[in-house]
Each structure stands twice: as structure tokens, then as C-alpha cells.
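Participant: Provided herewith: final_32.cif, mmCIF, C-alpha atoms and all ligand atoms.
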```
data_start
#
loop_
_atom_site.group_PDB
_atom_site.id
_atom_site.type_symbol
_atom_site.label_atom_id
_atom_site.label_comp_id
_atom_site.auth_asym_id
_atom_site.auth_seq_id
_atom_site.Cartn_x
_atom_site.Cartn_y
_atom_site.Cartn_z
ATOM 1 C CA MET A 1 -48.324 -39.710 11.330
ATOM 2 C CA ALA A 2 -50.844 -42.114 12.871
ATOM 3 C CA LEU A 3 -49.911 -45.156 14.961
ATOM 4 C CA THR A 4 -51.599 -48.509 14.447
ATOM 5 C CA GLU A 5 -51.693 -51.675 16.532
ATOM 6 C CA PRO A 6 -53.213 -55.160 16.327
ATOM 7 C CA GLU A 7 -56.590 -55.641 17.958
ATOM 8 C CA PRO A 8 -55.972 -55.599 21.722
ATOM 9 C CA ALA A 9 -57.343 -58.107 24.229
ATOM 10 C CA ARG A 10 -60.626 -57.162 25.913
ATOM 11 C CA LEU A 11 -61.667 -57.310 29.559
ATOM 12 C CA VAL A 12 -58.050 -57.466 30.740
ATOM 13 C CA ALA A 13 -55.954 -54.666 32.200
ATOM 14 C CA ILE A 14 -52.643 -54.383 30.345
ATOM 15 C CA ALA A 15 -49.713 -52.693 32.102
ATOM 16 C CA VAL A 16 -48.288 -49.828 30.012
ATOM 17 C CA HIS A 17 -46.330 -47.860 32.619
ATOM 18 C CA PRO A 18 -45.547 -48.407 36.310
ATOM 19 C CA GLY A 19 -48.858 -48.056 38.155
ATOM 20 C CA VAL A 20 -50.869 -47.527 34.964
ATOM 21 C CA ARG A 21 -52.939 -50.148 33.138
ATOM 22 C CA ARG A 22 -55.094 -49.975 30.019
ATOM 23 C CA MET A 23 -58.369 -51.742 29.284
ATOM 24 C CA VAL A 24 -59.801 -51.350 25.783
ATOM 25 C CA ALA A 25 -63.589 -51.182 25.634
ATOM 26 C CA PRO A 26 -65.538 -53.312 23.130
ATOM 27 C CA ASN A 27 -66.738 -50.345 21.037
ATOM 28 C CA PRO A 28 -64.571 -50.429 17.900
ATOM 29 C CA GLY A 29 -65.636 -48.192 15.010
ATOM 30 C CA PRO A 30 -64.587 -45.602 12.416
ATOM 31 C CA MET A 31 -64.406 -42.865 15.093
ATOM 32 C CA THR A 32 -63.151 -45.014 18.003
ATOM 33 C CA TYR A 33 -60.486 -47.282 16.426
ATOM 34 C CA HIS A 34 -60.325 -50.534 18.488
ATOM 35 C CA GLY A 35 -62.444 -48.897 21.186
ATOM 36 C CA THR A 36 -62.211 -46.419 24.032
ATOM 37 C CA ASN A 37 -59.179 -46.745 26.318
ATOM 38 C CA THR A 38 -60.086 -46.973 29.989
ATOM 39 C CA TRP A 39 -57.045 -46.140 32.134
ATOM 40 C CA LEU A 40 -56.494 -47.560 35.620
ATOM 41 C CA VAL A 41 -54.059 -45.585 37.776
ATOM 42 C CA ASP A 42 -52.816 -47.028 41.092
ATOM 43 C CA GLU A 43 -53.171 -44.718 44.077
ATOM 44 C CA PRO A 44 -52.677 -45.381 47.799
ATOM 45 C CA ASP A 45 -56.456 -45.190 48.321
ATOM 46 C CA GLY A 46 -57.377 -47.423 45.353
ATOM 47 C CA LEU A 47 -57.694 -46.995 41.604
ATOM 48 C CA THR A 48 -58.371 -43.840 39.688
ATOM 49 C CA VAL A 49 -60.380 -44.869 36.622
ATOM 50 C CA ILE A 50 -60.037 -42.465 33.700
ATOM 51 C CA ASP A 51 -62.928 -42.734 31.188
ATOM 52 C CA PRO A 52 -65.081 -45.782 31.990
ATOM 53 C CA GLY A 53 -66.094 -45.933 28.312
ATOM 54 C CA PRO A 54 -69.404 -47.237 26.943
ATOM 55 C CA ASP A 55 -72.116 -48.785 29.105
ATOM 56 C CA ASP A 56 -71.034 -52.368 28.452
ATOM 57 C CA PRO A 57 -71.700 -54.640 31.451
ATOM 58 C CA ALA A 58 -68.720 -56.944 30.813
ATOM 59 C CA HIS A 59 -66.297 -53.999 30.403
ATOM 60 C CA ILE A 60 -67.623 -52.139 33.460
ATOM 61 C CA GLY A 61 -67.553 -55.381 35.467
ATOM 62 C CA ALA A 62 -63.924 -56.008 34.492
ATOM 63 C CA ILE A 63 -62.951 -52.480 35.607
ATOM 64 C CA ALA A 64 -64.748 -52.919 38.946
ATOM 65 C CA ALA A 65 -62.985 -56.273 39.450
ATOM 66 C CA SER A 66 -59.541 -54.693 38.893
ATOM 67 C CA GLY A 67 -59.340 -53.320 42.417
ATOM 68 C CA PRO A 68 -61.094 -50.972 44.797
ATOM 69 C CA VAL A 69 -62.013 -47.853 42.798
ATOM 70 C CA ALA A 70 -61.273 -44.620 44.649
ATOM 71 C CA ARG A 71 -62.512 -42.229 41.995
ATOM 72 C CA ILE A 72 -63.773 -42.009 38.426
ATOM 73 C CA VAL A 73 -62.507 -39.139 36.262
ATOM 74 C CA LEU A 74 -63.625 -38.019 32.813
ATOM 75 C CA THR A 75 -61.553 -36.466 30.055
ATOM 76 C CA HIS A 76 -64.822 -35.212 28.520
ATOM 77 C CA THR A 77 -68.485 -36.151 28.332
ATOM 78 C CA HIS A 78 -68.796 -37.741 24.880
ATOM 79 C CA PRO A 79 -70.839 -40.954 25.230
ATOM 80 C CA ASP A 80 -68.028 -43.321 24.215
ATOM 81 C CA HIS A 81 -66.102 -42.110 27.287
ATOM 82 C CA VAL A 82 -68.852 -41.473 29.817
ATOM 83 C CA ALA A 83 -71.862 -43.726 29.143
ATOM 84 C CA GLY A 84 -70.562 -46.460 31.472
ATOM 85 C CA ALA A 85 -69.732 -44.060 34.324
ATOM 86 C CA PRO A 86 -73.070 -44.376 36.188
ATOM 87 C CA ALA A 87 -72.848 -48.191 36.108
ATOM 88 C CA LEU A 88 -69.266 -48.076 37.421
ATOM 89 C CA ARG A 89 -70.321 -45.649 40.153
ATOM 90 C CA ALA A 90 -73.180 -47.989 41.101
ATOM 91 C CA ALA A 91 -70.798 -50.962 41.206
ATOM 92 C CA THR A 92 -68.043 -49.244 43.211
ATOM 93 C CA GLY A 93 -69.531 -46.261 45.065
ATOM 94 C CA ALA A 94 -66.825 -44.022 43.570
ATOM 95 C CA ALA A 95 -67.734 -40.445 42.655
ATOM 96 C CA ILE A 96 -67.449 -39.151 39.068
ATOM 97 C CA HIS A 97 -65.133 -36.161 38.596
ATOM 98 C CA GLY A 98 -65.284 -34.048 35.434
ATOM 99 C CA TRP A 99 -65.092 -30.512 34.117
ATOM 100 C CA GLY A 100 -67.651 -28.014 35.386
ATOM 101 C CA ALA A 101 -70.233 -26.522 33.019
ATOM 102 C CA PRO A 102 -70.748 -26.177 30.173
ATOM 103 C CA TRP A 103 -70.866 -29.883 29.347
ATOM 104 C CA ALA A 104 -70.520 -31.101 25.802
ATOM 105 C CA GLU A 105 -73.263 -33.713 26.093
ATOM 106 C CA GLY A 106 -75.275 -32.708 29.153
ATOM 107 C CA PHE A 107 -73.743 -35.352 31.429
ATOM 108 C CA VAL A 108 -73.292 -33.810 34.873
ATOM 109 C CA PRO A 109 -70.392 -35.206 36.945
ATOM 110 C CA ASP A 110 -70.736 -35.570 40.727
ATOM 111 C CA VAL A 111 -67.713 -33.363 41.365
ATOM 112 C CA ALA A 112 -66.880 -30.414 39.088
ATOM 113 C CA ILE A 113 -63.131 -29.903 38.659
ATOM 114 C CA GLU A 114 -61.216 -26.817 37.588
ATOM 115 C CA ASP A 115 -57.965 -26.276 35.741
ATOM 116 C CA GLY A 116 -55.140 -27.385 38.036
ATOM 117 C CA ALA A 117 -57.380 -29.610 40.197
ATOM 118 C CA GLN A 118 -55.504 -32.413 41.976
ATOM 119 C CA LEU A 119 -57.072 -35.897 41.927
ATOM 120 C CA GLY A 120 -54.684 -38.295 43.600
ATOM 121 C CA ARG A 121 -51.480 -37.965 41.572
ATOM 122 C CA LEU A 122 -53.338 -36.474 38.604
ATOM 123 C CA THR A 123 -53.379 -32.768 37.785
ATOM 124 C CA ALA A 124 -56.186 -31.514 35.541
ATOM 125 C CA LEU A 125 -55.331 -29.452 32.466
ATOM 126 C CA HIS A 126 -58.312 -27.837 30.699
ATOM 127 C CA THR A 127 -57.929 -28.445 26.969
ATOM 128 C CA PRO A 128 -61.121 -27.324 25.184
ATOM 129 C CA GLY A 129 -61.477 -27.738 21.428
ATOM 130 C CA HIS A 130 -62.560 -31.310 20.692
ATOM 131 C CA ALA A 131 -65.129 -30.710 23.449
ATOM 132 C CA SER A 132 -65.697 -27.636 25.589
ATOM 133 C CA ASP A 133 -65.385 -29.761 28.741
ATOM 134 C CA HIS A 134 -62.198 -31.585 27.710
ATOM 135 C CA VAL A 135 -59.506 -32.106 30.343
ATOM 136 C CA CYS A 136 -56.105 -33.798 30.071
ATOM 137 C CA PHE A 137 -54.519 -35.249 33.198
ATOM 138 C CA ALA A 138 -50.805 -35.159 34.034
ATOM 139 C CA LEU A 139 -49.498 -37.978 36.236
ATOM 140 C CA GLY A 140 -47.192 -36.129 38.622
ATOM 141 C CA GLY A 141 -43.477 -36.662 38.198
ATOM 142 C CA THR A 142 -43.755 -39.296 35.442
ATOM 143 C CA GLY A 143 -43.961 -37.433 32.124
ATOM 144 C CA VAL A 144 -47.254 -39.239 31.454
ATOM 145 C CA LEU A 145 -50.180 -37.191 30.132
ATOM 146 C CA PHE A 146 -53.625 -38.706 29.652
ATOM 147 C CA THR A 147 -54.833 -36.861 26.566
ATOM 148 C CA GLY A 148 -58.376 -38.187 26.020
ATOM 149 C CA ASP A 149 -59.545 -37.215 22.531
ATOM 150 C CA HIS A 150 -57.536 -33.974 22.441
ATOM 151 C CA VAL A 151 -54.532 -35.819 21.001
ATOM 152 C CA MET A 152 -55.054 -39.362 19.742
ATOM 153 C CA SER A 153 -52.223 -41.564 18.537
ATOM 154 C CA TRP A 154 -54.256 -43.292 15.802
ATOM 155 C CA SER A 155 -55.937 -40.327 14.080
ATOM 156 C CA THR A 156 -56.476 -36.598 14.042
ATOM 157 C CA THR A 157 -59.331 -35.586 16.313
ATOM 158 C CA VAL A 158 -62.763 -34.391 15.197
ATOM 159 C CA VAL A 159 -63.539 -30.742 15.918
ATOM 160 C CA SER A 160 -67.254 -30.372 15.277
ATOM 161 C CA PRO A 161 -69.176 -27.139 15.980
ATOM 162 C CA PRO A 162 -71.058 -25.921 17.861
ATOM 163 C CA ASP A 163 -69.368 -27.559 20.883
ATOM 164 C CA GLY A 164 -66.124 -28.246 19.025
ATOM 165 C CA ASP A 165 -64.014 -25.103 18.612
ATOM 166 C CA MET A 166 -61.067 -24.993 16.207
ATOM 167 C CA GLY A 167 -59.470 -21.896 17.725
ATOM 168 C CA ALA A 168 -59.650 -23.401 21.222
ATOM 169 C CA TYR A 169 -58.375 -26.742 19.910
ATOM 170 C CA MET A 170 -55.282 -25.154 18.327
ATOM 171 C CA THR A 171 -54.638 -23.123 21.489
ATOM 172 C CA SER A 172 -54.907 -26.354 23.520
ATOM 173 C CA LEU A 173 -52.417 -28.062 21.187
ATOM 174 C CA ARG A 174 -49.957 -25.191 21.728
ATOM 175 C CA LEU A 175 -50.484 -25.595 25.479
ATOM 176 C CA LEU A 176 -49.252 -29.192 25.206
ATOM 177 C CA LEU A 177 -46.267 -28.138 23.085
ATOM 178 C CA GLY A 178 -45.200 -25.886 25.965
ATOM 179 C CA ARG A 179 -44.988 -28.914 28.282
ATOM 180 C CA GLU A 180 -42.319 -31.575 28.666
ATOM 181 C CA ASP A 181 -44.519 -34.706 28.723
ATOM 182 C CA THR A 182 -42.816 -37.786 27.282
ATOM 183 C CA LEU A 183 -45.679 -40.284 26.981
ATOM 184 C CA TYR A 184 -49.266 -39.615 25.931
ATOM 185 C CA LEU A 185 -51.916 -42.145 26.909
ATOM 186 C CA CYS A 186 -54.827 -41.330 24.619
ATOM 187 C CA GLY A 187 -58.567 -41.968 24.603
ATOM 188 C CA HIS A 188 -58.203 -44.174 21.521
ATOM 189 C CA GLY A 189 -55.163 -45.898 20.068
ATOM 190 C CA PRO A 190 -51.841 -47.118 21.456
ATOM 191 C CA PRO A 191 -49.530 -45.225 23.828
ATOM 192 C CA LEU A 192 -47.685 -42.374 22.116
ATOM 193 C CA PRO A 193 -44.041 -41.884 23.151
ATOM 194 C CA ASP A 194 -42.105 -38.747 22.157
ATOM 195 C CA PRO A 195 -45.402 -36.963 21.405
ATOM 196 C CA ARG A 196 -44.278 -33.454 20.515
ATOM 197 C CA PRO A 197 -43.479 -34.082 16.836
ATOM 198 C CA MET A 198 -47.012 -35.432 16.382
ATOM 199 C CA VAL A 199 -48.536 -32.404 18.127
ATOM 200 C CA ARG A 200 -46.481 -30.114 15.894
ATOM 201 C CA GLY A 201 -47.700 -32.123 12.883
ATOM 202 C CA MET A 202 -51.314 -31.755 13.999
ATOM 203 C CA LEU A 203 -50.927 -27.989 14.308
ATOM 204 C CA ALA A 204 -49.291 -27.824 10.868
ATOM 205 C CA HIS A 205 -52.112 -29.964 9.431
ATOM 206 C CA ARG A 206 -54.745 -27.543 10.730
ATOM 207 C CA ALA A 207 -52.754 -24.506 9.587
ATOM 208 C CA GLY A 208 -52.570 -26.116 6.130
ATOM 209 C CA ARG A 209 -56.342 -26.623 6.031
ATOM 210 C CA GLU A 210 -56.837 -23.010 7.041
ATOM 211 C CA SER A 211 -54.543 -21.848 4.230
ATOM 212 C CA SER A 212 -56.469 -23.996 1.749
ATOM 213 C CA ILE A 213 -59.769 -22.424 2.816
ATOM 214 C CA LEU A 214 -58.320 -18.928 2.475
ATOM 215 C CA ALA A 215 -56.920 -19.814 -0.960
ATOM 216 C CA VAL A 216 -60.336 -20.991 -2.221
ATOM 217 C CA LEU A 217 -62.053 -17.909 -0.772
ATOM 218 C CA ALA A 218 -59.439 -15.702 -2.447
ATOM 219 C CA ARG A 219 -61.054 -16.773 -5.730
ATOM 220 C CA GLY A 220 -64.506 -15.657 -4.540
ATOM 221 C CA THR A 221 -67.474 -16.386 -2.303
ATOM 222 C CA ALA A 222 -67.904 -20.091 -1.506
ATOM 223 C CA SER A 223 -70.285 -22.322 0.405
ATOM 224 C CA VAL A 224 -69.241 -24.923 2.955
ATOM 225 C CA ASP A 225 -70.147 -27.634 0.412
ATOM 226 C CA GLU A 226 -67.970 -26.012 -2.269
ATOM 227 C CA LEU A 227 -65.066 -25.560 0.113
ATOM 228 C CA THR A 228 -65.326 -29.164 1.277
ATOM 229 C CA ALA A 229 -65.428 -30.423 -2.320
ATOM 230 C CA ALA A 230 -62.362 -28.334 -3.202
ATOM 231 C CA MET A 231 -60.352 -29.469 -0.175
ATOM 232 C CA TYR A 232 -61.381 -33.111 0.158
ATOM 233 C CA ALA A 233 -61.573 -34.275 -3.477
ATOM 234 C CA GLY A 234 -62.302 -38.008 -3.667
ATOM 235 C CA LEU A 235 -63.367 -38.334 -0.037
ATOM 236 C CA GLU A 236 -65.489 -41.395 0.738
ATOM 237 C CA SER A 237 -69.126 -40.325 1.165
ATOM 238 C CA HIS A 238 -69.487 -41.602 4.750
ATOM 239 C CA LEU A 239 -66.713 -39.187 5.813
ATOM 240 C CA LEU A 240 -68.250 -36.175 4.059
ATOM 241 C CA GLY A 241 -70.324 -35.026 7.047
ATOM 242 C CA ALA A 242 -67.280 -34.934 9.327
ATOM 243 C CA ALA A 243 -65.293 -33.082 6.646
ATOM 244 C CA LYS A 244 -68.011 -30.410 6.331
ATOM 245 C CA ARG A 245 -68.113 -29.927 10.096
ATOM 246 C CA THR A 246 -64.330 -29.549 10.118
ATOM 247 C CA VAL A 247 -64.512 -26.902 7.384
ATOM 248 C CA MET A 248 -67.220 -25.107 9.375
ATOM 249 C CA ALA A 249 -65.011 -25.225 12.485
ATOM 250 C CA HIS A 250 -62.202 -23.516 10.544
ATOM 251 C CA LEU A 251 -64.620 -20.924 9.102
ATOM 252 C CA GLU A 252 -65.973 -20.069 12.545
ATOM 253 C CA LYS A 253 -62.415 -19.560 13.809
ATOM 254 C CA LEU A 254 -61.548 -17.342 10.811
ATOM 255 C CA GLU A 255 -64.811 -15.420 11.260
ATOM 256 C CA ARG A 256 -64.012 -14.738 14.923
ATOM 257 C CA GLU A 257 -60.564 -13.552 13.881
ATOM 258 C CA GLY A 258 -62.173 -11.112 11.423
ATOM 259 C CA ARG A 259 -60.554 -12.759 8.401
ATOM 260 C CA VAL A 260 -63.724 -14.049 6.709
ATOM 261 C CA GLU A 261 -67.350 -12.966 6.830
ATOM 262 C CA ARG A 262 -70.525 -14.991 6.661
ATOM 263 C CA LEU A 263 -73.094 -14.063 4.014
ATOM 264 C CA ASP A 264 -75.671 -16.632 5.151
ATOM 265 C CA ASP A 265 -75.661 -19.846 7.193
ATOM 266 C CA THR A 266 -73.238 -21.657 4.928
ATOM 267 C CA THR A 267 -71.692 -19.064 2.576
ATOM 268 C CA PHE A 268 -68.505 -17.160 3.319
ATOM 269 C CA ARG A 269 -66.139 -14.693 1.718
ATOM 270 C CA LEU A 270 -62.834 -13.087 2.572
ATOM 271 C CA ARG A 271 -63.123 -9.920 4.571
ATOM 272 C CA GLY A 272 -61.247 -7.056 3.119
HETATM 273 ZN ZN ZN B 1 -64.708 -37.348 22.170
#
```
If you took the structure in this file and wrote it as C-alpha cells, what would it be?
Facilitator:
Amino acid sequence: MALTEPEPARLVAIAVHPGVRRMVAPNPGPMTYHGTNTWLVDEPDGLTVIDPGPDDPAHIGAIAASGPVARIVLTHTHPDHVAGAPALRAATGAAIHGWGAPWAEGFVPDVAIEDGAQLGRLTALHTPGHASDHVCFALGGTGVLFTGDHVMSWSTTVVSPPDGDMGAYMTSLRLLLGREDTLYLCGHGPPLPDPRPMVRGMLAHRAGRESSILAVLARGTASVDELTAAMYAGLESHLLGAAKRTVMAHLEKLEREGRVERLDDTTFRLRG
């Protein structure tokens, strides 16, 4: 269910929708695909820049050269989205707008926004789960939703405790399913048209993982390592850490729901 694309051009703003351009940062990697998408949204008072990306002088310089910047907004405070924000603020004088506390990574925006906040044509939609401070932004009247890392077109998102919260993430996915957006512009990966089938698939994927965990625990007490081994047989070793954190995220959700209990830091059993 993932979309792929050839490596995009760097340091150029590519039009993807009327009044919306994309610039892909030079930070490709196993968690970032070709790199972080920086989005440039035209407003009467200048550009709204969504997610400046990493602190790369050439990338930040290319954003600043794309037009007067009216404001900088953050989908969340993970470094691949926010590290370049201070340099862009220094280059443009624009203030940084992001979710109020708590912050996933300790980065404090200049202006704390709340659910429903209006920033130019953008409306903020709090979508915790991937990060506690995650916000999506709806572009009024267009069907466009900037989804950050909550929904990515190229991959399922990482939900890593303690800041990542599986229950909140699934609730935030259901929130998107209740909306009528027609085009998701994600933090990584190409634009995603007709997004609802993918969101439904992501929810089903997580529900399937949860069922697998419950099925293993139905056979007896198990550790996070044992559960991960049972569910991700044959996984490449460099992905094992992320898989364990995902299993832990599911266990914490099930524990909060009173469906499993924790015997020690990493050992769980069904509650019954
Ligand atoms: Zn992130």
C-alpha cells in the first residue's frame, strides 16, 4: 500500500497543487525516504513554510529564496522536520508556530498553537500518536491536508514510546477517516490522492498486529523480545529495534485498556 517515486530534484520548489509547492530536503534515509518534504503555501502576506526540515544551509537558503516568508509552521518537533527552523527564522524573520507543550523533542516554538488554530488559510488539527505534539494542517476549501508523519504515502509511520502512543495514533487515524480530504501532502513521500483507503489499511494493519500480540499472549506469558520474534520472523536486524518499540507501543495501549498486564518492564500476560 506504499507509494514510491524516483529521486526528486533538490533545492527547487515543485508545484503540486495551486498555491502549494514542495521542496525535498537532502536527508534521505531508511526512516525519511528521499528526505523531508518542506511545503510552501502561497498566502497574501507571503509564504507559509510547513516543516523547514534539517539544518542544511543550501536547503534553508533555497526556501528563503522562494519568496517572502510570512510564517513557519511545524507538524511536529522531530529533528528531521524542525532542525532547520531556527536558521530559516534567522534568514527571514518569520516566527515559528507549533503545538504547545508537551513537545516531543524539547524544541519550543515561538507561538504555541491549539487545535483549530488558523494560520493563514491553514487550520490546525491535533493528531497525536507518532508524536505527542503532532499537528496536521487543512488548507481551507481545497481538500488538501498536510499530514506530516501521521500519515505518510511511502511507509507506515513509527509509533515509538514513550512519546509515541499507539492508542492516540489510532484515534488520530479515525479522526482523518471522518474527514473528506482528497489529497494528503505528507512529511515524506509523494502526494497521496484518494487517501482514505490507505488510512483504512493503516488502521487494519495496526488492528492485525494487536490481534497477533493477543494470540501469542493467549498461549502464555511473553516478553517483548519473544513477541517481536513471533510477529516479525525474518526481519532484518537493523529494523529490530523499531519493531520492538512498535510491539511495546501496542502493549502499552492494551495495558491501558485493561486487556493485558505487565509482570515486569518487558514481560506481559493476558488479563483475565
Ligand atoms: Zn517524525
Participant: Let me see if you get this right: every residue at most 8 Å from ligand ZN 1 (chain B), counting all atoms listed in the file, written as a count of residues only.
Facilitator: 12
Participant: CA of Thr4 in chain A and CA of Ala204 in chain A are how many Å apart?
Facilitator: 21.1 Å
Participant: Please measure the separation of CA of Met23 in chain A and CA of Trp99 in chain A, giving the value in Å to one decimal.
Facilitator: 22.8 Å
Participant: Show me the residues close to (-59.6, -23.5, 19.2) - anything with an atom within 10 Å, counting all atoms listed in the file - and format the list as a PyMOL selection string.
Facilitator: chain A and resi 127-130+132+159+164-173+249-250+252-253
Participant: Once the PyMOL selection byres (((chain A and resi 61-75) around 6) and not hetatm) has been evaluated on this model, what residues remain selected, and can you format them as a ChimeraX atom specification?
Facilitator: /A:11,46-51,57-60,76,94-98,134-135,148
Participant: Using CA of Val82 in chain A and CA of Gly187 in chain A as the two end points, give the distance in Å to one decimal.
Facilitator: 11.5 Å
Participant: For Ala243 in chain A, work out the shell of residues within 12 Å, counting all atoms listed in the file and skipping chain neighbours fewer than 6 positions away, then give it as a PyMOL selection string.
Facilitator: chain A and resi 157-161+209+224-237+249-250
